[in-house]
file run_39.txt (compact mmCIF, C-alpha atoms and all ligand atoms)
# COMPACT_ATOMS: atom_id res chain seq x y z
CA MET X 1185 9.72 88.83 180.68
CA SER X 1186 10.30 90.46 184.05
CA LYS X 1187 12.18 87.56 185.67
CA THR X 1188 13.80 84.34 184.51
CA ILE X 1189 13.49 81.71 187.21
CA LEU X 1190 15.24 78.36 187.26
CA VAL X 1191 13.17 75.64 188.92
CA THR X 1192 15.13 72.40 189.44
CA GLY X 1193 13.32 69.07 189.73
CA GLY X 1194 10.20 70.51 188.11
CA ALA X 1195 9.21 67.19 186.51
CA GLY X 1196 8.88 65.51 189.92
CA PHE X 1197 5.95 65.38 192.31
CA ILE X 1198 6.16 68.73 194.14
CA GLY X 1199 8.17 70.47 191.40
CA SER X 1200 5.48 69.87 188.78
CA HIS X 1201 2.80 71.41 191.02
CA LEU X 1202 5.04 74.41 191.69
CA VAL X 1203 5.94 74.90 188.00
CA ARG X 1204 2.23 74.81 187.04
CA LEU X 1205 1.38 77.39 189.71
CA LEU X 1206 4.20 79.76 188.66
CA VAL X 1207 3.60 79.42 184.90
CA ASN X 1208 -0.14 80.08 185.22
CA LYS X 1209 0.09 82.82 187.87
CA TYR X 1210 3.07 84.86 186.65
CA ILE X 1211 2.73 85.23 182.91
CA ASP X 1212 5.52 87.83 182.87
CA TYR X 1213 8.03 85.34 184.39
CA LYS X 1214 9.94 82.87 182.26
CA ILE X 1215 10.08 79.53 184.09
CA ILE X 1216 12.93 77.22 183.11
CA ASN X 1217 12.40 73.69 184.41
CA LEU X 1218 15.70 71.82 184.73
CA ASP X 1219 15.31 68.12 185.39
CA LYS X 1220 17.44 65.02 184.80
CA LEU X 1221 14.30 62.90 184.36
CA THR X 1222 15.36 60.17 186.73
CA TYR X 1223 12.77 57.45 187.37
CA ALA X 1224 10.96 60.07 189.52
CA GLY X 1225 10.76 62.77 186.84
CA ASN X 1226 7.87 62.58 184.43
CA LEU X 1227 6.98 65.24 181.86
CA ALA X 1228 3.46 63.85 181.63
CA ASN X 1229 2.96 65.70 184.95
CA LEU X 1230 3.20 68.98 183.00
CA LYS X 1231 1.32 68.12 179.79
CA ASP X 1232 -1.22 70.90 180.35
CA ILE X 1233 1.39 73.69 180.39
CA GLU X 1234 4.16 72.34 178.14
CA ASN X 1235 3.31 74.71 175.27
CA LYS X 1236 2.91 77.90 177.31
CA PRO X 1237 5.16 80.72 176.03
CA ASN X 1238 6.61 81.44 179.50
CA TYR X 1239 7.69 77.81 180.09
CA GLU X 1240 10.71 75.87 178.89
CA PHE X 1241 12.03 72.44 179.78
CA VAL X 1242 15.76 71.64 179.89
CA LYS X 1243 17.01 68.11 180.48
CA GLY X 1244 20.18 68.05 182.56
CA ASP X 1245 21.97 66.87 185.67
CA ILE X 1246 22.75 69.22 188.58
CA VAL X 1247 25.76 67.02 189.41
CA ASP X 1248 27.43 68.13 186.15
CA ALA X 1249 29.11 71.42 187.20
CA THR X 1250 30.23 72.38 183.68
CA PHE X 1251 26.71 72.00 182.37
CA ILE X 1252 25.24 74.01 185.26
CA ASN X 1253 27.72 76.86 184.73
CA GLU X 1254 26.92 76.95 180.99
CA LEU X 1255 23.22 77.00 181.77
CA PHE X 1256 23.58 80.01 184.10
CA THR X 1257 25.64 81.85 181.46
CA LYS X 1258 23.08 81.18 178.77
CA TYR X 1259 19.89 82.04 180.68
CA LYS X 1260 21.13 84.71 183.13
CA PHE X 1261 18.68 83.51 185.79
CA ASP X 1262 17.31 86.09 188.20
CA SER X 1263 16.49 83.47 190.83
CA VAL X 1264 16.55 79.74 191.55
CA ILE X 1265 13.97 77.55 193.28
CA HIS X 1266 15.77 74.28 193.95
CA LEU X 1267 13.77 71.07 194.37
CA ALA X 1268 15.80 68.50 192.41
CA ALA X 1269 16.76 65.69 194.74
CA GLU X 1270 16.75 62.00 195.37
CA SER X 1271 13.75 61.92 197.69
CA HIS X 1272 13.02 58.36 198.82
CA VAL X 1273 14.30 57.30 202.26
CA ASP X 1274 14.25 53.55 201.49
CA LYS X 1275 16.35 54.13 198.37
CA SER X 1276 18.86 56.15 200.39
CA ILE X 1277 19.34 53.20 202.73
CA SER X 1278 20.38 50.95 199.83
CA ASN X 1279 22.31 53.58 197.84
CA PRO X 1280 23.51 56.50 200.00
CA LEU X 1281 26.13 57.77 197.56
CA GLU X 1282 23.55 58.67 194.93
CA PHE X 1283 21.95 60.92 197.57
CA VAL X 1284 25.28 62.58 198.39
CA MET X 1285 25.89 63.24 194.69
CA THR X 1286 22.53 64.79 193.81
CA ASN X 1287 21.44 66.31 197.11
CA VAL X 1288 24.81 67.62 198.33
CA ILE X 1289 27.14 67.99 195.31
CA GLY X 1290 24.26 69.00 193.02
CA THR X 1291 23.18 71.72 195.46
CA VAL X 1292 26.74 73.03 195.85
CA ASN X 1293 27.12 73.15 192.04
CA LEU X 1294 24.01 75.33 191.84
CA LEU X 1295 25.23 77.55 194.70
CA ASN X 1296 28.61 78.00 192.98
CA ALA X 1297 26.99 78.94 189.68
CA ALA X 1298 24.66 81.39 191.47
CA LYS X 1299 27.59 82.93 193.33
CA VAL X 1300 29.62 83.39 190.14
CA SER X 1301 26.62 84.93 188.34
CA TRP X 1302 25.27 87.12 191.11
CA VAL X 1303 27.99 87.99 193.64
CA LYS X 1304 30.27 90.65 192.13
CA PRO X 1305 33.83 91.25 193.43
CA THR X 1306 32.55 94.56 194.80
CA THR X 1307 29.76 92.90 196.79
CA LYS X 1308 30.49 93.29 200.48
CA ASN X 1309 29.57 90.57 202.95
CA GLU X 1310 26.83 92.64 204.51
CA GLN X 1311 25.47 93.72 201.12
CA LEU X 1312 23.28 90.88 199.85
CA THR X 1313 22.60 90.13 196.22
CA THR X 1314 18.96 90.60 195.24
CA ASN X 1315 18.89 87.40 193.22
CA ARG X 1316 17.23 84.78 195.37
CA PHE X 1317 18.30 81.16 195.91
CA TYR X 1318 15.34 79.26 197.41
CA HIS X 1319 16.17 75.81 198.74
CA VAL X 1320 13.28 73.39 199.24
CA SER X 1321 14.03 71.09 202.16
CA THR X 1322 12.36 68.66 204.49
CA ASP X 1323 11.30 68.33 208.13
CA GLU X 1324 13.34 65.09 208.28
CA VAL X 1325 16.50 67.15 208.94
CA TYR X 1326 15.18 67.72 212.50
CA GLY X 1327 15.17 63.99 213.29
CA SER X 1328 12.44 62.26 215.25
CA LEU X 1329 10.02 63.53 217.90
CA GLY X 1330 8.74 61.64 220.93
CA GLU X 1331 5.05 61.61 221.78
CA THR X 1332 4.88 65.39 222.27
CA GLY X 1333 6.39 68.57 220.84
CA LEU X 1334 6.66 70.08 217.37
CA PHE X 1335 9.56 70.98 215.08
CA THR X 1336 10.13 74.76 215.02
CA GLU X 1337 12.59 76.73 212.91
CA SER X 1338 15.06 76.69 215.82
CA THR X 1339 14.94 72.92 216.45
CA SER X 1340 18.49 71.50 216.15
CA TYR X 1341 19.29 69.34 213.16
CA ASP X 1342 19.47 65.60 213.98
CA PRO X 1343 19.10 63.61 210.74
CA HIS X 1344 19.03 59.81 210.89
CA SER X 1345 18.69 58.42 207.37
CA PRO X 1346 21.19 58.93 204.53
CA TYR X 1347 18.40 60.91 202.79
CA SER X 1348 17.86 63.31 205.69
CA ALA X 1349 21.62 63.58 206.31
CA SER X 1350 22.10 64.63 202.67
CA LYS X 1351 19.28 67.19 202.89
CA ALA X 1352 20.66 68.54 206.19
CA SER X 1353 24.08 68.88 204.58
CA SER X 1354 22.63 70.77 201.63
CA ASP X 1355 20.74 73.12 204.01
CA HIS X 1356 24.03 73.89 205.80
CA PHE X 1357 25.75 74.68 202.49
CA VAL X 1358 22.94 77.01 201.47
CA ARG X 1359 23.24 78.94 204.77
CA ALA X 1360 27.04 78.98 204.43
CA TYR X 1361 26.77 80.70 201.02
CA HIS X 1362 24.57 83.35 202.62
CA ASP X 1363 26.88 83.94 205.58
CA THR X 1364 30.14 83.73 203.61
CA TYR X 1365 29.36 85.24 200.20
CA GLY X 1366 26.22 87.30 200.83
CA LEU X 1367 23.94 85.18 198.64
CA ASP X 1368 20.23 85.93 199.19
CA ILE X 1369 18.90 82.58 200.34
CA VAL X 1370 15.68 81.19 201.81
CA ILE X 1371 15.06 77.65 203.05
CA SER X 1372 11.76 75.94 203.79
CA ASN X 1373 11.39 72.62 205.60
CA CYS X 1374 8.14 70.85 204.83
CA SER X 1375 6.34 67.81 206.19
CA ASN X 1376 5.02 64.85 204.13
CA ASN X 1377 3.17 65.87 200.98
CA TYR X 1378 0.37 63.96 199.27
CA GLY X 1379 -1.66 64.53 196.09
CA SER X 1380 -1.62 63.83 192.36
CA CYS X 1381 1.51 62.77 190.44
CA HIS X 1382 3.14 61.28 193.54
CA PHE X 1383 5.45 58.44 192.52
CA PRO X 1384 4.08 55.07 193.71
CA GLU X 1385 7.14 54.17 195.78
CA LYS X 1386 5.82 56.38 198.63
CA LEU X 1387 3.24 55.20 201.17
CA ILE X 1388 0.02 56.80 199.86
CA PRO X 1389 0.34 56.27 196.07
CA LEU X 1390 1.85 52.80 196.57
CA SER X 1391 -1.09 51.81 198.76
CA ILE X 1392 -3.63 53.20 196.25
CA TYR X 1393 -1.95 51.22 193.47
CA ASN X 1394 -1.80 48.03 195.54
CA ILE X 1395 -5.40 48.28 196.76
CA LYS X 1396 -6.61 48.86 193.21
CA ASN X 1397 -4.71 45.77 192.05
CA ASN X 1398 -5.55 43.60 195.09
CA LYS X 1399 -1.94 43.45 196.22
CA ALA X 1400 -0.63 43.47 199.80
CA ILE X 1401 -0.24 46.90 201.48
CA PRO X 1402 3.16 46.76 203.24
CA ILE X 1403 3.11 48.46 206.65
CA TYR X 1404 6.55 48.84 208.20
CA GLY X 1405 6.85 47.65 211.82
CA LYS X 1406 3.63 48.14 213.79
CA GLY X 1407 2.36 51.07 211.70
CA GLU X 1408 2.67 53.35 214.72
CA ASN X 1409 5.00 55.90 213.11
CA ILE X 1410 3.44 59.33 212.74
CA ARG X 1411 3.69 61.75 209.82
CA ASP X 1412 2.18 65.24 209.38
CA TRP X 1413 0.47 65.28 205.95
CA LEU X 1414 0.05 68.32 203.72
CA PHE X 1415 -1.73 68.58 200.36
CA VAL X 1416 0.92 69.19 197.69
CA GLU X 1417 -0.83 72.24 196.19
CA ASP X 1418 -0.71 73.88 199.64
CA HIS X 1419 3.05 73.31 199.69
CA ALA X 1420 3.37 74.93 196.25
CA ARG X 1421 1.36 77.96 197.48
CA ALA X 1422 3.61 78.22 200.53
CA ILE X 1423 6.75 78.21 198.34
CA ASP X 1424 5.25 80.99 196.19
CA VAL X 1425 4.47 83.15 199.24
CA ILE X 1426 7.86 82.54 200.88
CA PHE X 1427 9.82 83.07 197.65
CA HIS X 1428 8.20 86.47 197.12
CA ASN X 1429 8.07 87.75 200.70
CA ALA X 1430 10.59 86.13 203.05
CA LYS X 1431 13.55 88.01 204.46
CA SER X 1432 16.91 86.95 203.10
CA GLY X 1433 18.57 84.24 205.19
CA SER X 1434 15.29 83.10 206.73
CA THR X 1435 13.83 79.64 207.26
CA TYR X 1436 10.18 78.65 207.24
CA ASN X 1437 8.60 75.40 208.42
CA ILE X 1438 5.62 74.23 206.37
CA GLY X 1439 3.18 71.60 207.66
CA GLY X 1440 -0.42 70.52 207.78
CA HIS X 1441 -1.08 70.29 211.57
CA ASN X 1442 -2.35 66.92 210.47
CA GLU X 1443 -0.73 63.99 212.27
CA TRP X 1444 -1.66 60.42 211.44
CA THR X 1445 -0.18 57.08 212.43
CA ASN X 1446 0.55 55.10 209.28
CA ILE X 1447 -1.96 52.41 210.20
CA ASP X 1448 -4.81 54.88 210.84
CA LEU X 1449 -4.05 56.64 207.57
CA ILE X 1450 -4.10 53.34 205.65
CA ARG X 1451 -7.39 52.30 207.31
CA LEU X 1452 -8.93 55.61 206.22
CA LEU X 1453 -7.55 55.12 202.70
CA CYS X 1454 -8.95 51.56 202.60
CA ASN X 1455 -12.43 52.87 203.51
CA ILE X 1456 -12.27 55.51 200.78
CA MET X 1457 -11.06 52.94 198.23
CA ASP X 1458 -13.84 50.47 199.17
CA LYS X 1459 -16.43 53.17 198.47
CA LYS X 1460 -14.83 54.32 195.21
CA LEU X 1461 -14.36 50.76 193.91
CA ASN X 1462 -17.82 49.63 195.08
CA ARG X 1463 -16.26 47.00 197.31
CA VAL X 1464 -17.87 45.71 200.52
CA GLU X 1465 -16.63 47.78 203.48
CA GLY X 1466 -13.55 46.09 204.99
CA THR X 1467 -12.39 44.42 201.76
CA SER X 1468 -9.32 46.60 201.13
CA ALA X 1469 -8.21 46.52 204.78
CA GLN X 1470 -7.70 42.77 204.42
CA LEU X 1471 -4.70 43.62 202.20
CA ILE X 1472 -2.84 45.26 205.12
CA THR X 1473 0.37 43.29 205.73
CA TYR X 1474 2.87 44.09 208.49
CA VAL X 1475 6.44 43.80 207.20
CA LYS X 1476 9.97 44.29 208.55
CA ASP X 1477 10.52 47.83 209.82
CA ARG X 1478 12.58 50.44 207.95
CA ALA X 1479 16.12 50.69 209.43
CA GLY X 1480 16.45 53.78 211.64
CA HIS X 1481 12.74 54.52 211.15
CA ASP X 1482 11.90 57.95 212.63
CA LEU X 1483 8.95 57.66 215.02
CA ARG X 1484 7.16 60.98 214.64
CA TYR X 1485 7.33 64.18 212.58
CA ALA X 1486 5.13 67.18 213.36
CA ILE X 1487 5.59 70.75 212.22
CA ASP X 1488 4.89 74.04 213.93
CA SER X 1489 4.12 76.31 210.97
CA SER X 1490 2.96 79.29 213.06
CA LYS X 1491 5.82 81.50 211.79
CA LEU X 1492 4.58 81.06 208.21
CA GLN X 1493 0.95 81.48 209.24
CA ASN X 1494 1.66 84.65 211.28
CA ASP X 1495 4.27 86.33 209.04
CA LEU X 1496 2.88 85.51 205.63
CA ALA X 1497 -0.78 84.60 206.23
CA TRP X 1498 -0.49 81.12 204.70
CA LYS X 1499 -2.61 78.22 205.89
CA PRO X 1500 -3.49 74.75 204.59
CA SER X 1501 -6.61 74.83 202.42
CA LEU X 1502 -7.96 71.30 202.78
CA GLN X 1503 -9.02 68.89 205.49
CA PHE X 1504 -7.09 65.61 205.15
CA GLU X 1505 -10.17 63.44 204.45
CA GLU X 1506 -11.16 65.77 201.60
CA GLY X 1507 -7.62 65.92 200.18
CA LEU X 1508 -7.17 62.17 200.38
CA GLU X 1509 -10.46 61.55 198.58
CA LYS X 1510 -9.43 64.05 195.90
CA THR X 1511 -6.11 62.22 195.56
CA VAL X 1512 -7.80 58.82 195.23
CA ASP X 1513 -10.15 60.25 192.57
CA TRP X 1514 -7.15 61.53 190.62
CA TYR X 1515 -5.37 58.15 190.66
CA LEU X 1516 -8.50 56.25 189.70
CA SER X 1517 -9.23 58.55 186.77
CA ASN X 1518 -5.59 58.66 185.61
CA GLU X 1519 -5.04 54.97 185.14
CA GLU X 1520 -2.77 55.57 182.17
CA TRP X 1521 -0.40 57.73 184.26
CA LEU X 1522 -0.24 55.05 186.94
CA ASN X 1523 0.26 52.19 184.47
CA ASN X 1524 2.96 54.12 182.62
CA VAL X 1525 4.98 54.87 185.73
CA THR X 1526 4.68 51.36 187.10
CA SER X 1527 5.75 49.84 183.76
CA GLY X 1528 8.46 52.49 183.18
CA ASP X 1529 7.07 53.32 179.70
CA TYR X 1530 6.91 57.07 180.40
CA GLN X 1531 10.69 57.25 180.70
CA LYS X 1532 11.33 55.71 177.31
CA TYR X 1533 8.94 58.07 175.56
CA TYR X 1534 9.92 61.33 177.22
CA GLN X 1535 13.65 60.73 177.47
CA GLU X 1536 13.85 60.07 173.71
CA GLN X 1537 12.15 63.43 173.09
CA TYR X 1538 14.81 65.40 174.94
CA VAL X 1539 18.13 63.98 173.85
CA LYS X 1540 19.56 67.45 173.25
CA ARG X 1541 21.07 69.19 176.27
CA PHE X 1542 19.59 72.64 175.78
P1 LIG X 1601 10.57 63.61 193.45
O1 LIG X 1601 11.49 62.46 193.70
O2 LIG X 1601 9.16 63.35 193.06
O3 LIG X 1601 11.18 64.56 192.32
C1 LIG X 1601 12.55 64.88 192.26
C2 LIG X 1601 12.82 65.44 190.87
O4 LIG X 1601 14.23 65.78 190.82
C3 LIG X 1601 12.57 64.43 189.74
O5 LIG X 1601 11.86 65.05 188.69
C4 LIG X 1601 13.97 64.02 189.29
O6 LIG X 1601 14.03 63.67 187.92
C5 LIG X 1601 14.77 65.30 189.60
N1 LIG X 1601 16.19 65.01 189.80
C6 LIG X 1601 16.73 64.04 190.59
N2 LIG X 1601 18.06 64.05 190.50
C7 LIG X 1601 18.39 65.06 189.66
C8 LIG X 1601 19.62 65.57 189.17
N3 LIG X 1601 20.79 65.03 189.53
N4 LIG X 1601 19.61 66.63 188.33
C9 LIG X 1601 18.41 67.18 187.95
N5 LIG X 1601 17.22 66.71 188.34
C10 LIG X 1601 17.20 65.66 189.21
O7 LIG X 1601 10.66 64.51 194.75
P2 LIG X 1601 9.55 65.39 195.47
O8 LIG X 1601 8.82 64.54 196.43
O9 LIG X 1601 8.82 66.17 194.46
O10 LIG X 1601 10.49 66.36 196.32
C11 LIG X 1601 10.98 67.58 195.76
C12 LIG X 1601 11.83 68.29 196.80
O11 LIG X 1601 11.05 68.55 197.95
C13 LIG X 1601 13.02 67.47 197.29
O12 LIG X 1601 14.11 68.35 197.45
C14 LIG X 1601 12.57 66.89 198.61
O13 LIG X 1601 13.67 66.70 199.47
C15 LIG X 1601 11.67 68.00 199.11
N6 LIG X 1601 10.57 67.58 200.01
C16 LIG X 1601 9.73 66.56 199.64
C17 LIG X 1601 8.66 66.24 200.49
C18 LIG X 1601 7.67 65.15 200.14
O14 LIG X 1601 6.82 64.82 200.96
N7 LIG X 1601 7.70 64.58 198.96
C19 LIG X 1601 8.48 66.95 201.68
C20 LIG X 1601 9.38 67.96 202.01
C21 LIG X 1601 10.41 68.29 201.17
O1 LIG X 1602 8.72 64.38 205.90
C1 LIG X 1602 9.01 64.77 204.60
C2 LIG X 1602 9.50 63.58 203.81
O2 LIG X 1602 8.36 62.76 203.55
C3 LIG X 1602 10.18 63.97 202.50
O3 LIG X 1602 11.33 64.72 202.77
C4 LIG X 1602 10.54 62.72 201.68
O4 LIG X 1602 11.09 63.10 200.43
C5 LIG X 1602 9.27 61.92 201.46
O5 LIG X 1602 9.56 60.72 200.77
C6 LIG X 1602 8.59 61.59 202.80
O6 LIG X 1602 9.40 60.66 203.56
P1 LIG X 1602 8.76 59.43 204.36
O7 LIG X 1602 9.79 58.41 204.57
O8 LIG X 1602 8.03 59.93 205.56
O9 LIG X 1602 7.66 58.96 203.26
P2 LIG X 1602 7.20 57.50 202.79
O10 LIG X 1602 5.98 57.69 201.97
O11 LIG X 1602 8.33 56.73 202.23
O12 LIG X 1602 6.78 56.82 204.16
C7 LIG X 1602 5.76 57.37 204.98
C8 LIG X 1602 5.64 56.49 206.21
O13 LIG X 1602 5.10 55.22 205.82
C9 LIG X 1602 6.96 56.16 206.88
O14 LIG X 1602 6.75 56.08 208.28
C10 LIG X 1602 7.33 54.79 206.33
C11 LIG X 1602 6.00 54.14 206.11
N1 LIG X 1602 5.89 53.19 204.97
C12 LIG X 1602 6.36 53.60 203.76
C13 LIG X 1602 6.26 52.76 202.66
C14 LIG X 1602 6.80 53.20 201.30
C15 LIG X 1602 5.29 51.97 205.15
O15 LIG X 1602 4.84 51.61 206.25
N2 LIG X 1602 5.18 51.14 204.05
C16 LIG X 1602 5.65 51.49 202.82
O16 LIG X 1602 5.55 50.67 201.86
call {"tool": "encode", "arguments": {"input": "run_39.txt", "output": "structure tokens"}}
result
Amino acid sequence: MSKTILVTGGAGFIGSHLVRLLVNKYIDYKIINLDKLTYAGNLANLKDIENKPNYEFVKGDIVDATFINELFTKYKFDSVIHLAAESHVDKSISNPLEFVMTNVIGTVNLLNAAKVSWVKPTTKNEQLTTNRFYHVSTDEVYGSLGETGLFTESTSYDPHSPYSASKASSDHFVRAYHDTYGLDIVISNCSNNYGSCHFPEKLIPLSIYNIKNNKAIPIYGKGENIRDWLFVEDHARAIDVIFHNAKSGSTYNIGGHNEWTNIDLIRLLCNIMDKKLNRVEGTSAQLITYVKDRAGHDLRYAIDSSKLQNDLAWKPSLQFEEGLEKTVDWYLSNEEWLNNVTSGDYQKYYQEQYVKRF
């Protein structure tokens, strides 16, 4: 094996797409997927690759520093791609501390272990290690835009939710380990992802589930908030390109140039669902229900990804309508996945399988 790469959070939504891409594309890499299997982690997302010789799953918590240090000693990782996080804004509003623990302390534990493994006493500040620490972050660290403008890599951080504050904090720590200890780091900040295996607490999969089951679709406030949507497999491709080609210490914004108000997106989704479920046009839209707004709800996110497009020749591969239809098709033909995650059955089954630490 030419490289051993630790991917954290690989059983989650984006992590599982990235792990699949890396395992299938780089057969000479060994990919170690470290995941705590919280409610958001689901090994069913990786069923198709679980027996590949260059893939291994380890159950563990990034908040446990002793465990993380032991893991680095055992596997001698060449690089880390860090995705493990608490990722849901609404959950961060009701339980901020959990977000500080995983997103901040967990990240610092990984940085410390990487520093101990990779930065030798002889390493000078200006002489970077060649082992890469790639931190996967979010556009939410930049705060909220007005009607115009885009987030660029030099936009100042201005997080508003406990989730985005914890991600901003972790980004700062990652940069500090580069500037202080000479760790080779890269950070990417991505917009809203959509696609298969997305946990149905987030807007798109929750709405698909509710429409399918004739339940209300909750729209926060007036539905006028804007998000920039990117197909999850395009995000995974961007991480691959950045991981292999970016300059140490650099940041890349990743986005779809695809802004939608929540209400327009849900209307489009309702039309697609009506067609797929052979319902009379307009049936699903009757489920739209305006509810109390999210506290501190950011109005608009929109990413300028021209640096990534110009430097590394990446671009989104799908039009939103096509990607959304593909996503709906996946959920409708993976009823078992959806029923398991909504009932919680998947956790019982997979967690029992991995009681050993590693
Ligand atoms: P997710 O919630 O679907 O998955 C997170 C994964 O991390 C889960 O498998 C979970 O079990 C694991 N995890 C959580 N706490 C852990 C801990 N203490 N130790 C080990 N594993 C733990 O999240 P996602 O949507 O796939 O997001 C992945 C990363 O990408 C996050 O860092 C998130 O901030 C970032 N991001 C997400 C989006 C998006 O639209 N979903 C956009 C930009 C950036
Ligand atoms: O921008 C990147 C971020 O996108 C990621 O960093 C986060 O991990 C990810 O969860 C996502 O955050 P959002 O808060 O934008 O995603 P969510 O799907 O929760 O909400 C999308 C929009 O829809 C937001 O404006 C809130 C609104 N919404 C959400 C839910 C769950 C509703 O109107 N109703 C809902 O039921």
call {"tool": "residues_around", "arguments": {"input": "run_39.txt", "residues": "segment 1493-1505 of chain X", "least_positions_apart": "3", "cutoff": "6 Å", "atoms": "all atoms listed in the file", "output": "PDB file with C-alpha atoms, in the frame of the given file"}}
result
ATOM      1  CA  ASP X1418      -0.710  73.880 199.640  1.00  0.00           C
ATOM      2  CA  SER X1490       2.960  79.290 213.060  1.00  0.00           C
ATOM      3  CA  LEU X1508      -7.170  62.170 200.380  1.00  0.00           C
TER       4      LEU X1508
END
call {"tool": "closest_residue", "arguments": {"input": "run_39.txt", "among": "X:Leu1461, X:Val1247, X:Ala1195, X:Ile1401", "to": "ligand LIG 1602 (chain X)", "atoms": "only C-alpha atoms and all ligand atoms"}}
result
X:Ile1401
call {"tool": "closest_atom_pairs", "arguments": {"input": "run_39.txt", "of": "chain X", "to": "ligand LIG 1601 (chain X)", "cutoff": "6 Å", "atoms": "all atoms listed in the file", "output": "CSV"}}
result
residue,atom,partner,partner_atom,distance
X:Gly1193,CA,X:LIG1601,O4,3.6
X:Gly1194,CA,X:LIG1601,O5,5.7
X:Ala1195,CA,X:LIG1601,O5,4.0
X:Gly1196,CA,X:LIG1601,O5,3.3
X:Phe1197,CA,X:LIG1601,O9,3.7
X:Ile1198,CA,X:LIG1601,O9,3.7
X:Gly1199,CA,X:LIG1601,O9,5.3
X:Asp1219,CA,X:LIG1601,N5,3.8
X:Lys1220,CA,X:LIG1601,N5,3.9
X:Leu1221,CA,X:LIG1601,O6,3.7
X:Thr1222,CA,X:LIG1601,O6,3.9
X:Ala1224,CA,X:LIG1601,C3,4.7
X:Gly1225,CA,X:LIG1601,O5,3.1
X:Gly1244,CA,X:LIG1601,C9,5.7
X:Asp1245,CA,X:LIG1601,N4,3.6
X:Ile1246,CA,X:LIG1601,N4,4.1
X:Val1247,CA,X:LIG1601,N3,5.4
X:Leu1267,CA,X:LIG1601,O12,4.1
X:Ala1268,CA,X:LIG1601,O4,3.5
X:Ala1269,CA,X:LIG1601,C6,4.5
X:Glu1270,CA,X:LIG1601,C6,5.2
X:Ser1271,CA,X:LIG1601,O1,4.6
X:Thr1286,CA,X:LIG1601,N3,4.6
X:Val1320,CA,X:LIG1601,O12,5.4
X:Ser1321,CA,X:LIG1601,C21,4.7
X:Thr1322,CA,X:LIG1601,C21,3.9
X:Cys1374,CA,X:LIG1601,C20,4.2
X:Ser1375,CA,X:LIG1601,C19,5.1
X:Asn1376,CA,X:LIG1601,O14,3.6
X:Asn1377,CA,X:LIG1601,O14,3.8
call {"tool": "residues_around", "arguments": {"input": "run_39.txt", "residues": "Glu1506 of chain X", "least_positions_apart": "3", "cutoff": "12 Å", "atoms": "only C-alpha atoms", "output": "ChimeraX atom specification"}}
result
/X:1378-1379,1414-1415,1452-1453,1456,1501-1503,1509-1513
call {"tool": "closest_atom_pairs", "arguments": {"input": "run_39.txt", "of": "chain X", "to": "ligand LIG 1602 (chain X)", "cutoff": "9 Å", "atoms": "all atoms listed in the file", "output": "Markdown table"}}
result
| residue | atom | partner | partner_atom | distance |
| --- | --- | --- | --- | --- |
| X:Ala1269 | CA | X:LIG1602 | O4 | 8.4 |
| X:Glu1270 | CA | X:LIG1602 | O4 | 7.7 |
| X:Ser1271 | CA | X:LIG1602 | O4 | 4.0 |
| X:His1272 | CA | X:LIG1602 | O5 | 4.6 |
| X:Val1273 | CA | X:LIG1602 | O7 | 5.2 |
| X:Asp1274 | CA | X:LIG1602 | O11 | 6.8 |
| X:Ser1321 | CA | X:LIG1602 | O3 | 6.9 |
| X:Thr1322 | CA | X:LIG1602 | O3 | 4.4 |
| X:Asp1323 | CA | X:LIG1602 | O1 | 5.2 |
| X:Glu1324 | CA | X:LIG1602 | O1 | 5.2 |
| X:Val1325 | CA | X:LIG1602 | O3 | 8.4 |
| X:Tyr1347 | CA | X:LIG1602 | O4 | 8.0 |
| X:Ser1348 | CA | X:LIG1602 | O3 | 7.3 |
| X:Lys1351 | CA | X:LIG1602 | O3 | 8.3 |
| X:Asn1373 | CA | X:LIG1602 | C1 | 8.3 |
| X:Cys1374 | CA | X:LIG1602 | C1 | 6.1 |
| X:Ser1375 | CA | X:LIG1602 | O1 | 4.2 |
| X:Asn1376 | CA | X:LIG1602 | O2 | 4.0 |
| X:Asn1377 | CA | X:LIG1602 | O2 | 6.6 |
| X:Tyr1378 | CA | X:LIG1602 | O10 | 8.8 |
| X:Pro1384 | CA | X:LIG1602 | C14 | 8.3 |
| X:Glu1385 | CA | X:LIG1602 | C14 | 5.6 |
| X:Lys1386 | CA | X:LIG1602 | O10 | 3.6 |
| X:Leu1387 | CA | X:LIG1602 | O10 | 3.8 |
| X:Ile1388 | CA | X:LIG1602 | O10 | 6.4 |
| X:Pro1389 | CA | X:LIG1602 | O10 | 8.3 |
| X:Leu1390 | CA | X:LIG1602 | O16 | 6.8 |
| X:Ser1391 | CA | X:LIG1602 | O16 | 7.4 |
| X:Ile1401 | CA | X:LIG1602 | O16 | 6.9 |
| X:Pro1402 | CA | X:LIG1602 | O16 | 4.8 |
| X:Ile1403 | CA | X:LIG1602 | O15 | 3.6 |
| X:Tyr1404 | CA | X:LIG1602 | O15 | 3.8 |
| X:Gly1405 | CA | X:LIG1602 | O15 | 7.1 |
| X:Lys1406 | CA | X:LIG1602 | O15 | 8.4 |
| X:Gly1407 | CA | X:LIG1602 | O15 | 6.0 |
| X:Glu1408 | CA | X:LIG1602 | O14 | 8.1 |
| X:Asn1409 | CA | X:LIG1602 | O14 | 5.1 |
| X:Ile1410 | CA | X:LIG1602 | O14 | 6.4 |
| X:Arg1411 | CA | X:LIG1602 | O8 | 6.3 |
| X:Asp1412 | CA | X:LIG1602 | O1 | 7.5 |
| X:Trp1413 | CA | X:LIG1602 | O1 | 8.3 |
| X:Thr1445 | CA | X:LIG1602 | O14 | 8.1 |
| X:Asn1446 | CA | X:LIG1602 | O13 | 5.7 |
| X:Ile1447 | CA | X:LIG1602 | O15 | 7.9 |
| X:Tyr1474 | CA | X:LIG1602 | O15 | 8.1 |
| X:Val1475 | CA | X:LIG1602 | O15 | 8.0 |
| X:Asp1477 | CA | X:LIG1602 | O15 | 7.7 |
| X:Arg1478 | CA | X:LIG1602 | C10 | 7.0 |
| X:His1481 | CA | X:LIG1602 | O14 | 6.8 |
| X:Asp1482 | CA | X:LIG1602 | O14 | 7.0 |
| X:Leu1483 | CA | X:LIG1602 | O14 | 7.3 |
| X:Arg1484 | CA | X:LIG1602 | O14 | 8.0 |
| X:Tyr1485 | CA | X:LIG1602 | O1 | 6.8 |
| X:Ala1486 | CA | X:LIG1602 | O1 | 8.7 |
